[in-house]
Amino acid sequence: MTPPRRLTQQDIARMAGVSQTTVSMVLNNRTDTEVRISPETRERVLRVIRETGYIADPAARRLAERRNRIIGVFTYEAVFPSASADFYHPFLLGIEERAEDAGCDLLLFTSAKAASGEQRRIFNADSRIRLADGCLLLGRTVDRDDLARLLAEGFPFVSIGRRDDAGGPVPYVGVDYPPAVRALVERVTALGHTRLAYVGAGEGGESRTDRMRGFRDAAGPRALHLPVGAGDHAAILDELSAADVTAVFVEEPADGTALAEAAKARGLSIPDDLSILVLGAPDWKPGDRGPGFTGFRIPRREIGWRAVELLTDVLERGGMPQELLPCEPVEGTTLAAPRNRKA
């Protein structure tokens with residue numbers, strides 16, 4: 001049995017008694033100063049479309065727009081293993097939701113290490129990046145050479161996370177860390193804490209340097225900074241105790257959990273003996289195991305939404321958007337005024 005022939009715009013134009021150009025303008029909701037479509041004509045075309053169940057051919061529409069309506073997402077770390085799922089999932093969820101609203105498909109590119117042990121790059125012999133109209137870059141650290149080449153070649157992209165210039169301004173949407181950290185430090189000192197410490201790298205990427213900058217601005221250059229390595233949490237707790245620190249600001253939630261467990265093993269109380277503030281606290285609900293950290297929330301889902309919106313603007317109008325979103329304070333259970341200490 002021969003399948004029914006697909007309706008075309010010419011068919012719709014013939015049934016509505018109008019030109020194919022008029023049908024195309026109605027379908028794309030376009031107006032033109034030289035060709036005016038009366039409300040009656042527009043309604044007649046729409047009625048024929050409704051009655052016939054006509055659906056525009058997406059391939060033809062994409063060809064006319066010279067776009068595939070595909071948004072690429074290039075990841076610099078593996079995003080699916082359970083260890084990173086909680087971090088990346090909200091970003092991907094926001095991206096997916098806005099891409100669907102925009103009528104675009106998503107194409108995931110990954111630079112996770114291949115079997116050879118080498119990390120894939122955006123530009124390589126097997127690169128398929130140009131299948132996408134534009135690309136979102138997702139990762140704690142983005143390769144600077146990749147950014148410079150994307151800028152030099154004029155390929156549309158938006159970085160998720162603030163990025164320093166790479167031979168030119170980089171389009172991004174990220175987190176406004178410094179004021180969020182400063183506000184948290186000011187809140188802690190208002191409770192009476194005078195001995196503060198920062199636990200984390202504090203360098204090696206814009207998000208880390210931004211958090212450290214906010215901490216130094218509010219706590220001063222002499223506040224304790226302790227980089228953390230694997231298995232160092234007991235040693236860090238020793239240093240905190242030796243320095244009489246009563247409030248610690250932790251860069252990574254996992255380190256906050258490890259410090260809380262190490263303190264508990266020593267019979268210390270969180271937050272009475274040590275307040276722990278997490279600079280990017282995970283979502284926490286009453287009933288969850290472990291402490292609900294006081295700190296602020298990174299608006300990951302909202303960043304995913306905004307990244308797609310900015311990339312759409314870049315594709316349609318060009319430009320170099322740079323936008324930072326505010327953090328949301330989180331009221332946890334790990335902050336309290338310090339206990340009175342003997343002189």
# chains A, B, ... in the order shown; residues from 1 in each chain; ligands from 1

$ residues_around --residues "Ile270 (chain A)" --least-positions-apart "6" --cutoff "9 Å" --atoms "only C-alpha atoms" --output "PDB file with C-alpha atoms, in the first residue's frame"
ATOM      1  CA  ALA A 260      32.423  17.138  60.177  1.00  0.00           C
ATOM      2  CA  ALA A 263      35.355  16.365  64.307  1.00  0.00           C
ATOM      3  CA  LYS A 264      32.624  14.013  65.453  1.00  0.00           C
ATOM      4  CA  ILE A 276      31.375  24.809  59.029  1.00  0.00           C
ATOM      5  CA  PRO A 291      24.536  17.833  58.562  1.00  0.00           C
ATOM      6  CA  THR A 333      22.542  23.490  60.953  1.00  0.00           C
ATOM      7  CA  THR A 334      26.310  24.035  60.986  1.00  0.00           C
ATOM      8  CA  LEU A 335      26.607  27.659  62.126  1.00  0.00           C
ATOM      9  CA  ALA A 336      26.310  28.987  65.675  1.00  0.00           C
TER      10      ALA A 336
END

$ residues_around --residues "Ala243 (chain A)" --least-positions-apart "6" --cutoff "12 Å" --atoms "only C-alpha atoms" --output "PDB file with N, CA, C and O atoms, in the first residue's frame"
ATOM      1  N   THR A 194      36.120  35.216  65.480  1.00  0.00           N
ATOM      2  CA  THR A 194      37.269  36.046  65.097  1.00  0.00           C
ATOM      3  C   THR A 194      38.382  35.236  64.445  1.00  0.00           C
ATOM      4  O   THR A 194      39.235  35.795  63.763  1.00  0.00           O
ATOM      5  N   ARG A 195      38.384  33.930  64.682  1.00  0.00           N
ATOM      6  CA  ARG A 195      39.396  33.055  64.082  1.00  0.00           C
ATOM      7  C   ARG A 195      38.738  32.262  62.946  1.00  0.00           C
ATOM      8  O   ARG A 195      37.944  31.347  63.192  1.00  0.00           O
ATOM      9  N   LEU A 196      39.070  32.649  61.707  1.00  0.00           N
ATOM     10  CA  LEU A 196      38.436  32.043  60.545  1.00  0.00           C
ATOM     11  C   LEU A 196      39.486  31.340  59.683  1.00  0.00           C
ATOM     12  O   LEU A 196      40.661  31.705  59.684  1.00  0.00           O
ATOM     13  N   ALA A 197      39.025  30.342  58.931  1.00  0.00           N
ATOM     14  CA  ALA A 197      39.921  29.637  58.013  1.00  0.00           C
ATOM     15  C   ALA A 197      39.185  29.281  56.733  1.00  0.00           C
ATOM     16  O   ALA A 197      37.962  29.103  56.735  1.00  0.00           O
ATOM     17  N   ARG A 222      45.274  37.859  56.553  1.00  0.00           N
ATOM     18  CA  ARG A 222      45.955  37.036  57.557  1.00  0.00           C
ATOM     19  C   ARG A 222      45.111  35.851  58.008  1.00  0.00           C
ATOM     20  O   ARG A 222      45.584  35.029  58.799  1.00  0.00           O
ATOM     21  N   ALA A 223      43.884  35.745  57.522  1.00  0.00           N
ATOM     22  CA  ALA A 223      43.045  34.592  57.871  1.00  0.00           C
ATOM     23  C   ALA A 223      43.687  33.323  57.316  1.00  0.00           C
ATOM     24  O   ALA A 223      44.326  33.327  56.270  1.00  0.00           O
ATOM     25  N   LEU A 224      43.510  32.220  58.035  1.00  0.00           N
ATOM     26  CA  LEU A 224      44.183  30.967  57.708  1.00  0.00           C
ATOM     27  C   LEU A 224      43.638  30.369  56.404  1.00  0.00           C
ATOM     28  O   LEU A 224      42.434  30.334  56.185  1.00  0.00           O
ATOM     29  N   HIS A 225      44.550  29.896  55.550  1.00  0.00           N
ATOM     30  CA  HIS A 225      44.173  29.181  54.320  1.00  0.00           C
ATOM     31  C   HIS A 225      44.851  27.828  54.334  1.00  0.00           C
ATOM     32  O   HIS A 225      46.080  27.733  54.421  1.00  0.00           O
ATOM     33  N   LEU A 226      44.041  26.757  54.226  1.00  0.00           N
ATOM     34  CA  LEU A 226      44.557  25.395  54.260  1.00  0.00           C
ATOM     35  C   LEU A 226      44.120  24.648  53.001  1.00  0.00           C
ATOM     36  O   LEU A 226      42.966  24.246  52.893  1.00  0.00           O
ATOM     37  N   ILE A 236      44.131  18.596  58.884  1.00  0.00           N
ATOM     38  CA  ILE A 236      43.548  19.939  58.810  1.00  0.00           C
ATOM     39  C   ILE A 236      42.847  20.284  60.109  1.00  0.00           C
ATOM     40  O   ILE A 236      42.957  21.403  60.624  1.00  0.00           O
ATOM     41  N   LEU A 237      42.131  19.318  60.676  1.00  0.00           N
ATOM     42  CA  LEU A 237      41.458  19.549  61.953  1.00  0.00           C
ATOM     43  C   LEU A 237      42.477  19.880  63.043  1.00  0.00           C
ATOM     44  O   LEU A 237      42.212  20.736  63.900  1.00  0.00           O
TER      45      LEU A 237
END

$ atom_distance --atom1 "CA of Asp133 (chain A)" --atom2 "CA of Arg98 (chain A)"
15.4 Å

$ closest_residue --among "A:Glu40, A:Val308, A:Asp86, A:Ala247" --to "Arg187 (chain A)" --atoms "only C-alpha atoms"
A:Ala247

$ select_by_dssp --residues "region 174-314 of chain A" --states "helix (DSSP H, G or I)" --output "VMD selection string"
chain A and resid 177 to 190 206 to 219 233 to 242 253 to 265 300 to 314

$ atom_distance --atom1 "CA of Val188 (chain A)" --atom2 "CA of Met212 (chain A)"
16.0 Å

$ closest_residue --among "A:Arg208, A:Arg36, A:Arg130, A:Arg149" --to "Pro178 (chain A)" --atoms "only C-alpha atoms"
A:Arg208

$ select_by_dssp --residues "region 129-315 of chain A" --states "strand (DSSP E)" --output "ChimeraX atom specification"
/A:134-138,157-160,172-175,196-199,224-226,247-250,275-279,294-297
